[in-house]
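Structure record follows, encoded as structure tokens.
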4 protein chains.
Amino acid sequence: MRRIGVLTSGGDAPGMNAALRAVVRTALIYDLEIIGVRWGYRGLIKGDFSPLDRRCVSNIIHQGGTILGTARSREFETKKGRAQALAAVCQAGLEGLVLIGGEGTFHGGDLLMKEGDFPVVGVPGTIDNDCYGTDYTIGFDTAVNTALEAIDRIRDTATSHNRLFFVEVMGRHTGFIALESGIAGGAEEVLIPEDPIGIDELCRRLQTSFRGGKKSSIVVVAETGQPGDSFRIAREVKERIGLDSRVCVLGHIQRGGVPTARDRVLASHLGAAAVEALKDGRWGFMVGECRGEITHVPLRDTWRKKKLPPPSFEALARLLSG
Amino acid sequence: MRRIGVLTSGGDAPGMNAALRAVVRTALIYDLEIIGVRWGYRGLIKGDFSPLDRRCVSNIIHQGGTILGTARSREFETKKGRAQALAAVCQAGLEGLVLIGGEGTFHGGDLLMKEGDFPVVGVPGTIDNDCYGTDYTIGFDTAVNTALEAIDRIRDTATSHNRLFFVEVMGRHTGFIALESGIAGGAEEVLIPEDPIGIDELCRRLQTSFRGGKKSSIVVVAETGQPGDSFRIAREVKERIGLDSRVCVLGHIQRGGVPTARDRVLASHLGAAAVEALKDGRWGFMVGECRGEITHVPLRDTWRKKKLPPPSFEALARLLSG
Amino acid sequence: MRRIGVLTSGGDAPGMNAALRAVVRTALIYDLEIIGVRWGYRGLIKGDFSPLDRRCVSNIIHQGGTILGTARSREFETKKGRAQALAAVCQAGLEGLVLIGGEGTFHGGDLLMKEGDFPVVGVPGTIDNDCYGTDYTIGFDTAVNTALEAIDRIRDTATSHNRLFFVEVMGRHTGFIALESGIAGGAEEVLIPEDPIGIDELCRRLQTSFRGGKKSSIVVVAETGQPGDSFRIAREVKERIGLDSRVCVLGHIQRGGVPTARDRVLASHLGAAAVEALKDGRWGFMVGECRGEITHVPLRDTWRKKKLPPPSFEALARLLSG
Amino acid sequence: MRRIGVLTSGGDAPGMNAALRAVVRTALIYDLEIIGVRWGYRGLIKGDFSPLDRRCVSNIIHQGGTILGTARSREFETKKGRAQALAAVCQAGLEGLVLIGGEGTFHGGDLLMKEGDFPVVGVPGTIDNDCYGTDYTIGFDTAVNTALEAIDRIRDTATSHNRLFFVEVMGRHTGFIALESGIAGGAEEVLIPEDPIGIDELCRRLQTSFRGGKKSSIVVVAETGQPGDSFRIAREVKERIGLDSRVCVLGHIQRGGVPTARDRVLASHLGAAAVEALKDGRWGFMVGECRGEITHVPLRDTWRKKKLPPPSFEALARLLSG
């Protein structure tokens with residue numbers, strides 16, 4: 001193997017640049033040429049390539065976003081689009097590809113591999129932590145801390161005003177961000193899609209809590225599907241038990257920002273591991289970290305198998321808020 | 001004068017605790033007893049008072065919110081309510097009152113003064129910076145920096161995705177937060193109520209900019225009246241010129257958080273100045289800071305006179321984004 | 001078991017308050033009375049106790065330091081001192097004790113247990129991460145991020161000036177903070193006591209690097225014994241190879257600050273686990289987290305067995321800086 | 001005027017990049033070509049120039065340091081060096097120069113102007129706030145907030161341990177950073193070179209305070225000349241009154257980091273004003289901001305006249321700590 005490519009795809013996540021830096025530096029150490037693909041699969045189809053050297057990735061380890069850019073590509077979802085991508089890749093002499101992204105990215109990579117027999121390795125970069133095969137994804141720790149900072153700020157106001165707040169965090173159908181930021185923020189309730197409690201139960205709990213003397217309260221809500229669902233919840237709570245509240249939808253601020261130490265270290269480990277695997281002729285999987293060890297999980301498992309928050313987290317959230 | 005009170009009222013603002021600390025410590029130095037009124041004017045009516053000493057305000061200078069609590073009081077808006085408040089105040093032997101808050105707070109104080117001939121001094125604590133008679137209000141600098149941090153994070157994502165973002169900041173009918181955070185965040189456009197440009201003009205500018213090669217863009221929008229108006233703007237932009245966008249409503253995170261140095265220093269200056277005025281038998285005004293000097297402006301001017309952002313700010317925002 | 005105590009001892013660490021909150025809330029849920037011991041073992045001897053309820057630990061989850069205080073106690077190092085402590089503990093009706101701290105704390109607890117047959121459980125709270133039996137200690141993640149933030153800041157200056165910087169981080173004879181913050185900060189070299197490279201080798205590497213075109217460089221140095229050793233290193237580098245440099249000793253800022261999400265979640269898990277163990281009649285160990293699972297390791301192992309940074313970390317630091 | 005240059009010189013300060021962006025964008029708006037000089041006066045001598053366009057300064061408004069680099073130049077201190085610089089400048093067709101820096105920078109600019117009759121305008125960028133002719137310099141607000149964050153962290157530890165801390169901040173012979181961060185951090189004492197109190201008085205005050213029941217204390221010390229002087233102070237305090245303490249020297253972390261809103265807004269104003277002056281044929285001064293207005297002060301006044309902290313600040317520091 002003499003020349004490999006790297007791209008970032010899907011929603012951007014803090015730490016993608018740190019992963020990219022690790023990919024580039026590790027490749028160079030093993031005397032591999034390393035080519036950056038701009039704007040994800042869209043750039044792959046167009047051949048939007050440029051060689052990367054050590055300097056290109058200097059001083060990016062702390063930058064949010066991704067210097068390669070990312071985009072959604074309808075074309076790549078078609079067989080024709082992927083054939084174009086494979087042609088571009090071959091013409092550029094790439095012999096392998098490191099894919100930094102989430103489920104959708106790996107799905108695309110899997111097809112590329114099957115349709116073109118092309119070597120790919122995935123690196124999990126997404127704030128949602130919803131990839132099976134790794135305990136944590138790159139960007140998750142930063143997103144949790146960003147959400148937590150917001151919760152800390154809102155608590156100042158909630159306490160000063162004796163108020164109920166709903167804080168909606170990201171998660172794409174999973175409760176990871178909600179659970180960790182909820183426990184860390186001392187939230188009174190955490191609503192996650194994996195264990196929906198229903199509006200009646202929520203009202204019952206809030207009522208018990210406020211009757212028991214509590215005067216301010218923060219409920220962390222995991223975004224499910226459409227952002228803004230917590231406005232509906234707040235309205236229903238108001239109608240049913242008369243509790244007034246305020247709603248905060250944190251949204252995209254959770255995607256950006258300077259990555260935490262944990263995310264940068266994880267990104268460095270996984271970026272290096274991806275290149276080492278390619279170099280050794282092993283591919284078709286995502287590199288992850290489980291229980292402190294680097295793992296390799298088949299790409300298709302990353303989205304076919306469902307990853308659930310550890311039950312101990314939910315139990316803990318309930319225990320300490322109770 | 002031997003005993004004075006202090007309360008915080010209206011929306012909470014970072015730095016209120018720093019102001020409170022300055023009020024308490026300055027009072028004690030001048031051998032005044034100082035009584036804390038809990039939950040704003042509501043507590044004033046109920047006589048929810050407790051004496052404050054040096055220790056009560058130790059280690060609060062950096063805390064967001066207000067340790068005294070704040071609340072809206074319908075009762076205080078009635079003459080009867082205010083009479084009750086005056087009675088409570090007299091019974092407690094208070095000879096003066098420091099009011100930390102915004103327009104509404106000062107309005108209430110003005111009535112108290114007129115109806116009861118009671119000495120009050122205002123200290124401007126609100127994130128919106130909309131009090132006439134002071135260049136900056138306590139909490140504004142922190143709110144701007146919080147908004148700015150969010151804009152910085154969103155820029156990571158906007159740039160990585162080539163996207164248009166609308167970021168809605170607070171401001172209660174004024175563009176102060178939007179202008180300062182927009183200039184500091186390098187926003188492409190800043191929409192403020194003082195100078196509404198209309199949706200057509202906005203579309204025209206965005207179109208010019210995107211046609212000129214710009215690929216990502218951040219528009220900072222000052223909240224006017226109801227939060228969430230930027231969703232409507234985004235929809236109209238989409239309909240008219242086909243530009244897809246994302247919307248972030250920063251909301252209450254702008255109210256909380258650790259106050260900046262500037263807010264703490266301002267709060268310390270004004271808190272001390274308020275007590276010094278009372279002690280010297282001067283009252284009926286808000287203490288403020290204009291062009292670096294402590295000023296005293298009649299309470300009623302603080303809301304009757306309209307404070308506008310300096311024109312140089314708007315010009316600058318346009319110049320550098322242009 | 002009906003009544004237990006809790007204390008914090010040794011150097012304070014961010015997240016100790018979160019652990020304390022978890023201990024108190026878990027105890028109350030299991031209908032245990034919970035008594036706070038102020039100022040560590042010194043307070044234990046003096047009987048400086050006060051009961052804790054839910055309210056005492058409201059709004060402390062995000063606070064650095066420890067609301068119970070901590071202190072070093074010479075007296076407790078004597079058998080007589082410990083006998084006094086045991087007497088005080090019995091008099092107060094305590095039937096068990098949760099100890100939040102590090103090696104020294106656990107050493108004291110071990111003696112208390114042996115000399116008085118008194119049930120104790122340890123919770124690892126120290127920024128240094130040097131307790132055997134847990135992958136991470138409470139406070140470590142925050143300290144690493146604090147160090148990292150400083151390194152990010154210094155990199156701005158190092159790059160603007162083309163300069164060599166030595167940044168000394170804490171660690172008490174271990175390289176954990178140095179390694180993680182060094183990898184995350186993109187440091188050119190990380191000097192740790194576990195693998196001393198000597199001044200000659202350091203000079204050789206720096207020379208190679210600067211001759212290869214590098215113009216600025218950050219070397220992270222783990223404090224060994226006395227703070228300030230990096231001044232000596234900087235001097236020797238100057239003398240041997242003529243490279244000018246600046247030195248930063250981060251010191252105690254690494255101990256304070258708002259704890260990260262990870263530290264608060266870990267603290268919540270371990271605080272709850274400690275009380276659950278005591279309640280179940282199990283004691284004499286430290287609760288820890290290894291590979292994502294709660295573990296129980298005999299107190300004496302925590303300091304007798306040496307915990308080393310994973311070799312993969314050091315390899316990674318070298319790979320990516322090289 | 002058709003083509004101007006811009007350089008950053010002296011110690012780097014957060015916000016220099018924001019100033020640079022404003023200079024470039026304003027120049028382009030007035031159809032001036034704008035040339036960046038790399039590495040300060042050293043680059044001026046060598047002709048290390050490159051043209052800047054809008055894109056060069058995209059996404060730098062939030063970056064610490066300076067993308068142009070800065071350096072000290074012995075050569076420029078000689079007449080011969082400056083003649084070379086003037087030659088390089090003429091050869092490149094520059095008709096004016098914007099100098100972003102502090103005293104030393106302006107001194108050099110003054111000589112350039114006198115010896116070569118060359119139009120220069122200064123923009124005050126230095127964390128120390130020691131330029132006469134502007135209330136605040138670019139970078140000062142960020143440095144104060146960085147120092148403050150460190151003080152907040154140290155207070156956690158100081159309070160948890162009942163300890164005395166000396167925190168040494170930067171300031172180059174001036175007490176601005178010490179005073180603002182000391183007031184904002186609630187420091188018990190602030191030692192500044194403008195009003196030295198001597199070790200005896202310091203000991204007396206600390207003794208009074210600790211005898212009065214205070215148990216922890218933070219003394220902010222302005223660096224004078226050599227960093228590290230607070231170690232000596234701590235030693236003397238220990239010797240004279242037996243008080244044990246810890247010392248933190250914040251050092252270069254105060255120079256870096258993401259600039260605050262205030263610094264970015266100030267930088268934007270002054271950068272634009274500098275170019276507007278040059279364009280209008282006015283030069284030989286530094287643009288500053290006094291009492292909210294843009295001012296122009298002759299370059300030589302910036303270092304010849306001594307700028308002192310407002311007396312009200314010192315009085316306030318004493319009042320509130322007392």
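Within each chain, counting starts at residue 1; across the structure tokens, chains are named A, B, ... in the order shown, with ligands numbered 1 upward in that order.
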
What's the 7 Å shell around segment 73-81 of chain C, counting only C-alpha atoms, without same-chain residues fewer than 5 positions away, as an mmCIF file with C-alpha atoms, in the first residue's frame?
data_model
loop_
_atom_site.group_PDB
_atom_site.id
_atom_site.type_symbol
_atom_site.label_atom_id
_atom_site.label_comp_id
_atom_site.auth_asym_id
_atom_site.auth_seq_id
_atom_site.Cartn_x
_atom_site.Cartn_y
_atom_site.Cartn_z
ATOM 1 C CA TYR C 41 -9.092 13.458 59.714
ATOM 2 C CA ARG C 42 -8.417 16.539 61.810
ATOM 3 C CA ILE C 45 -10.397 13.568 65.860
#

Any idea which chain A residues end up within 8 Å of chain C if we count only C-alpha atoms, as an mmCIF file with C-alpha atoms, in the first residue's frame please?
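The resulting file, iface_25.cif, is reproduced below:
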data_model
loop_
_atom_site.group_PDB
_atom_site.id
_atom_site.type_symbol
_atom_site.label_atom_id
_atom_site.label_comp_id
_atom_site.auth_asym_id
_atom_site.auth_seq_id
_atom_site.Cartn_x
_atom_site.Cartn_y
_atom_site.Cartn_z
ATOM 1 C CA ALA A 22 -3.570 11.321 13.673
ATOM 2 C CA ARG A 25 0.828 11.739 10.817
ATOM 3 C CA THR A 26 0.557 7.978 11.183
ATOM 4 C CA ILE A 29 5.382 7.684 9.524
ATOM 5 C CA ILE A 61 -5.884 19.354 17.031
ATOM 6 C CA HIS A 62 -7.913 21.865 19.043
ATOM 7 C CA ASP A 141 -17.528 13.974 25.417
ATOM 8 C CA VAL A 144 -21.900 16.388 26.768
ATOM 9 C CA ASN A 145 -19.712 19.058 28.337
ATOM 10 C CA LEU A 148 -23.603 20.507 30.745
ATOM 11 C CA ASP A 152 -25.169 24.856 34.718
ATOM 12 C CA GLU A 180 -24.643 11.913 30.881
ATOM 13 C CA SER A 181 -25.407 15.617 30.895
ATOM 14 C CA ILE A 183 -26.552 13.062 35.695
ATOM 15 C CA ALA A 184 -23.668 15.513 35.606
ATOM 16 C CA GLY A 185 -25.994 18.506 35.699
ATOM 17 C CA GLY A 186 -28.025 17.152 38.580
ATOM 18 C CA THR A 260 -12.139 18.088 25.230
ATOM 19 C CA ALA A 261 -9.002 16.192 26.185
ATOM 20 C CA ARG A 262 -10.910 12.929 26.140
ATOM 21 C CA ARG A 264 -8.720 14.460 21.342
ATOM 22 C CA VAL A 265 -7.028 11.469 22.958
ATOM 23 C CA SER A 268 -5.636 10.283 18.249
ATOM 24 C CA HIS A 269 -5.824 6.631 19.246
ATOM 25 C CA CYS A 290 -14.355 -0.817 24.227
ATOM 26 C CA ARG A 291 -13.412 -1.053 27.858
ATOM 27 C CA GLY A 292 -10.153 0.670 27.181
ATOM 28 C CA LEU A 316 -28.122 6.389 38.663
ATOM 29 C CA LEU A 319 -31.361 7.420 42.231
ATOM 30 C CA LEU A 320 -29.655 10.781 42.625
#

For this session: Return as a PyMOL selection string the full set of residues in segment 18-96 of chain D whose backbone-based DSSP assignment is helix (DSSP H, G or I).
Result: chain D and resi 18-29+40-46+54-57+75-77+79-91

For this session: Enter the distance from atom CA of Glu33 of chain B to atom CA of Leu52 of chain B, in Å, rounded to one decimal.
Result: 8.0 Å

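Put simply, atom CA of Ile233 of chain A is 22.9 Å away from atom CA of Pro309 of chain A.
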
Name all residues at most 12 Å from Phe49 of chain D (count only C-alpha atoms; drop same-chain ones fewer than 3 positions away) and give them as an mmCIF file with N, CA and C atoms, in the first residue's frame.
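Okay, selection26.cif is ready:
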data_model
loop_
_atom_site.group_PDB
_atom_site.id
_atom_site.type_symbol
_atom_site.label_atom_id
_atom_site.label_comp_id
_atom_site.auth_asym_id
_atom_site.auth_seq_id
_atom_site.Cartn_x
_atom_site.Cartn_y
_atom_site.Cartn_z
ATOM 1 N N ILE D 4 -0.983 49.691 1.349
ATOM 2 C CA ILE D 4 -0.453 49.846 2.708
ATOM 3 C C ILE D 4 -0.073 48.482 3.270
ATOM 4 N N GLY D 5 0.716 48.544 4.324
ATOM 5 C CA GLY D 5 1.141 47.302 4.976
ATOM 6 C C GLY D 5 0.622 47.243 6.398
ATOM 7 N N VAL D 6 0.719 46.059 6.983
ATOM 8 C CA VAL D 6 0.316 45.891 8.382
ATOM 9 C C VAL D 6 1.242 44.863 9.020
ATOM 10 N N LEU D 7 1.634 45.153 10.268
ATOM 11 C CA LEU D 7 2.448 44.172 10.995
ATOM 12 C C LEU D 7 2.016 44.109 12.449
ATOM 13 N N ILE D 34 -3.546 45.633 0.454
ATOM 14 C CA ILE D 34 -3.045 45.499 1.822
ATOM 15 C C ILE D 34 -2.044 44.342 1.892
ATOM 16 N N ILE D 35 -0.864 44.666 2.381
ATOM 17 C CA ILE D 35 0.249 43.718 2.404
ATOM 18 C C ILE D 35 0.555 43.334 3.852
ATOM 19 N N GLY D 36 0.622 42.049 4.136
ATOM 20 C CA GLY D 36 0.987 41.598 5.472
ATOM 21 C C GLY D 36 2.492 41.452 5.612
ATOM 22 N N VAL D 37 3.023 41.991 6.696
ATOM 23 C CA VAL D 37 4.451 41.854 6.974
ATOM 24 C C VAL D 37 4.604 40.767 8.032
ATOM 25 N N ARG D 38 5.345 39.731 7.745
ATOM 26 C CA ARG D 38 5.483 38.647 8.714
ATOM 27 C C ARG D 38 6.620 38.905 9.701
ATOM 28 N N TRP D 39 6.419 38.437 10.960
ATOM 29 C CA TRP D 39 7.447 38.513 12.006
ATOM 30 C C TRP D 39 7.881 39.936 12.331
ATOM 31 N N GLY D 40 6.945 40.833 12.366
ATOM 32 C CA GLY D 40 7.198 42.178 12.878
ATOM 33 C C GLY D 40 8.290 42.930 12.155
ATOM 34 N N TYR D 41 9.064 43.708 12.908
ATOM 35 C CA TYR D 41 10.088 44.539 12.284
ATOM 36 C C TYR D 41 11.177 43.705 11.620
ATOM 37 N N ARG D 42 11.382 42.493 12.120
ATOM 38 C CA ARG D 42 12.376 41.636 11.499
ATOM 39 C C ARG D 42 11.979 41.356 10.050
ATOM 40 N N GLY D 43 10.685 41.066 9.885
ATOM 41 C CA GLY D 43 10.187 40.808 8.526
ATOM 42 C C GLY D 43 10.166 42.068 7.673
ATOM 43 N N LEU D 44 10.034 43.202 8.331
ATOM 44 C CA LEU D 44 10.019 44.466 7.587
ATOM 45 C C LEU D 44 11.386 44.693 6.934
ATOM 46 N N ILE D 45 12.417 44.381 7.698
ATOM 47 C CA ILE D 45 13.779 44.542 7.177
ATOM 48 C C ILE D 45 14.033 43.577 6.028
ATOM 49 N N LYS D 46 13.574 42.341 6.227
ATOM 50 C CA LYS D 46 13.834 41.307 5.223
ATOM 51 C C LYS D 46 12.890 41.362 4.031
ATOM 52 N N LEU D 52 -2.626 40.372 1.328
ATOM 53 C CA LEU D 52 -3.723 39.780 2.093
ATOM 54 C C LEU D 52 -5.044 40.086 1.400
ATOM 55 N N LEU D 68 0.292 36.691 11.570
ATOM 56 C CA LEU D 68 1.465 37.275 10.922
ATOM 57 C C LEU D 68 2.753 36.931 11.666
ATOM 58 N N GLY D 69 2.626 36.471 12.891
ATOM 59 C CA GLY D 69 3.816 36.231 13.706
ATOM 60 C C GLY D 69 4.365 37.528 14.256
ATOM 61 N N ALA D 85 14.749 48.618 6.388
ATOM 62 C CA ALA D 85 13.297 48.451 6.435
ATOM 63 C C ALA D 85 12.624 49.444 5.485
ATOM 64 N N ALA D 88 13.030 48.374 1.966
ATOM 65 C CA ALA D 88 12.145 47.252 1.629
ATOM 66 C C ALA D 88 10.718 47.731 1.421
ATOM 67 N N VAL D 89 10.318 48.628 2.288
ATOM 68 C CA VAL D 89 8.965 49.171 2.230
ATOM 69 C C VAL D 89 8.735 49.941 0.930
ATOM 70 N N GLN D 91 10.474 49.624 -1.856
ATOM 71 C CA GLN D 91 10.536 48.702 -2.988
ATOM 72 C C GLN D 91 9.207 47.987 -3.191
ATOM 73 N N ALA D 92 8.545 47.688 -2.085
ATOM 74 C CA ALA D 92 7.259 46.981 -2.178
ATOM 75 C C ALA D 92 6.117 47.938 -2.504
ATOM 76 N N GLY D 93 6.443 49.218 -2.590
ATOM 77 C CA GLY D 93 5.420 50.184 -2.974
ATOM 78 C C GLY D 93 4.431 50.502 -1.863
ATOM 79 N N LEU D 94 4.835 50.234 -0.610
ATOM 80 C CA LEU D 94 3.925 50.563 0.494
ATOM 81 C C LEU D 94 3.921 52.063 0.740
#

For this session: Pick out the residues sitting within 7 Å of Trp283 of chain B, and hand them over as a list in words; count only C-alpha atoms, and ignore anything fewer than 5 positions along from it in its own chain.
Result: Pro119, Val120, Val121, Ala277 and Leu278 of chain B

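Between atom CA of Arg235 of chain D and atom CA of Glu201 of chain D lies a distance of 15.2 Å.
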
For this session: Find the residues near Glu194 of chain B: any atom within 9 Å, counting only C-alpha atoms, skip ones fewer than 5 places away on the same chain, and give them as a list in words.
Result: His173, Thr174, Gly175, Leu308 and Pro309 of chain B

Just-selected residues, N, CA and C atoms written as a PDB file, in the first residue's frame:
ATOM      1  N   HIS B 173     -36.300  43.885  22.768  1.00  0.00           N
ATOM      2  CA  HIS B 173     -36.554  45.058  21.925  1.00  0.00           C
ATOM      3  C   HIS B 173     -35.340  45.930  21.659  1.00  0.00           C
ATOM      4  N   THR B 174     -34.164  45.450  22.050  1.00  0.00           N
ATOM      5  CA  THR B 174     -32.977  46.253  21.753  1.00  0.00           C
ATOM      6  C   THR B 174     -31.912  45.366  21.111  1.00  0.00           C
ATOM      7  N   GLY B 175     -31.039  46.000  20.366  1.00  0.00           N
ATOM      8  CA  GLY B 175     -30.065  45.240  19.601  1.00  0.00           C
ATOM      9  C   GLY B 175     -28.679  45.188  20.210  1.00  0.00           C
ATOM     10  N   LEU B 308     -30.126  54.049  22.843  1.00  0.00           N
ATOM     11  CA  LEU B 308     -29.876  53.422  21.540  1.00  0.00           C
ATOM     12  C   LEU B 308     -28.437  52.949  21.431  1.00  0.00           C
ATOM     13  N   PRO B 309     -28.222  51.865  20.698  1.00  0.00           N
ATOM     14  CA  PRO B 309     -26.848  51.434  20.445  1.00  0.00           C
ATOM     15  C   PRO B 309     -26.112  52.554  19.717  1.00  0.00           C
TER      16      PRO B 309
END

Exercise. Smallest atom-to-atom distance to Ala150 of chain C: which of C:Gln207, C:Gln254, C:Gln226, C:Thr295, using only C-alpha atoms?
Worked result: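 The closest residue to Ala150 of chain C is C:Gln254.
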
For this session: Would you please give, as a count of residues only, all residues of segment 62-294 of chain D that DSSP assigns to strand (DSSP E or B) based on the backbone?
Result: 42

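Counting only C-alpha atoms, the residue from A:Thr66, A:Gly256, A:Leu97, A:Leu243 that sits nearest to Arg211 of chain A is A:Leu243.
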
For this session: Return the single residue from C:Ile192, C:Leu86, C:Met1, C:Val219 that is closest to Arg205 of chain C, with distances computed using only C-alpha atoms.
Result: C:Val219
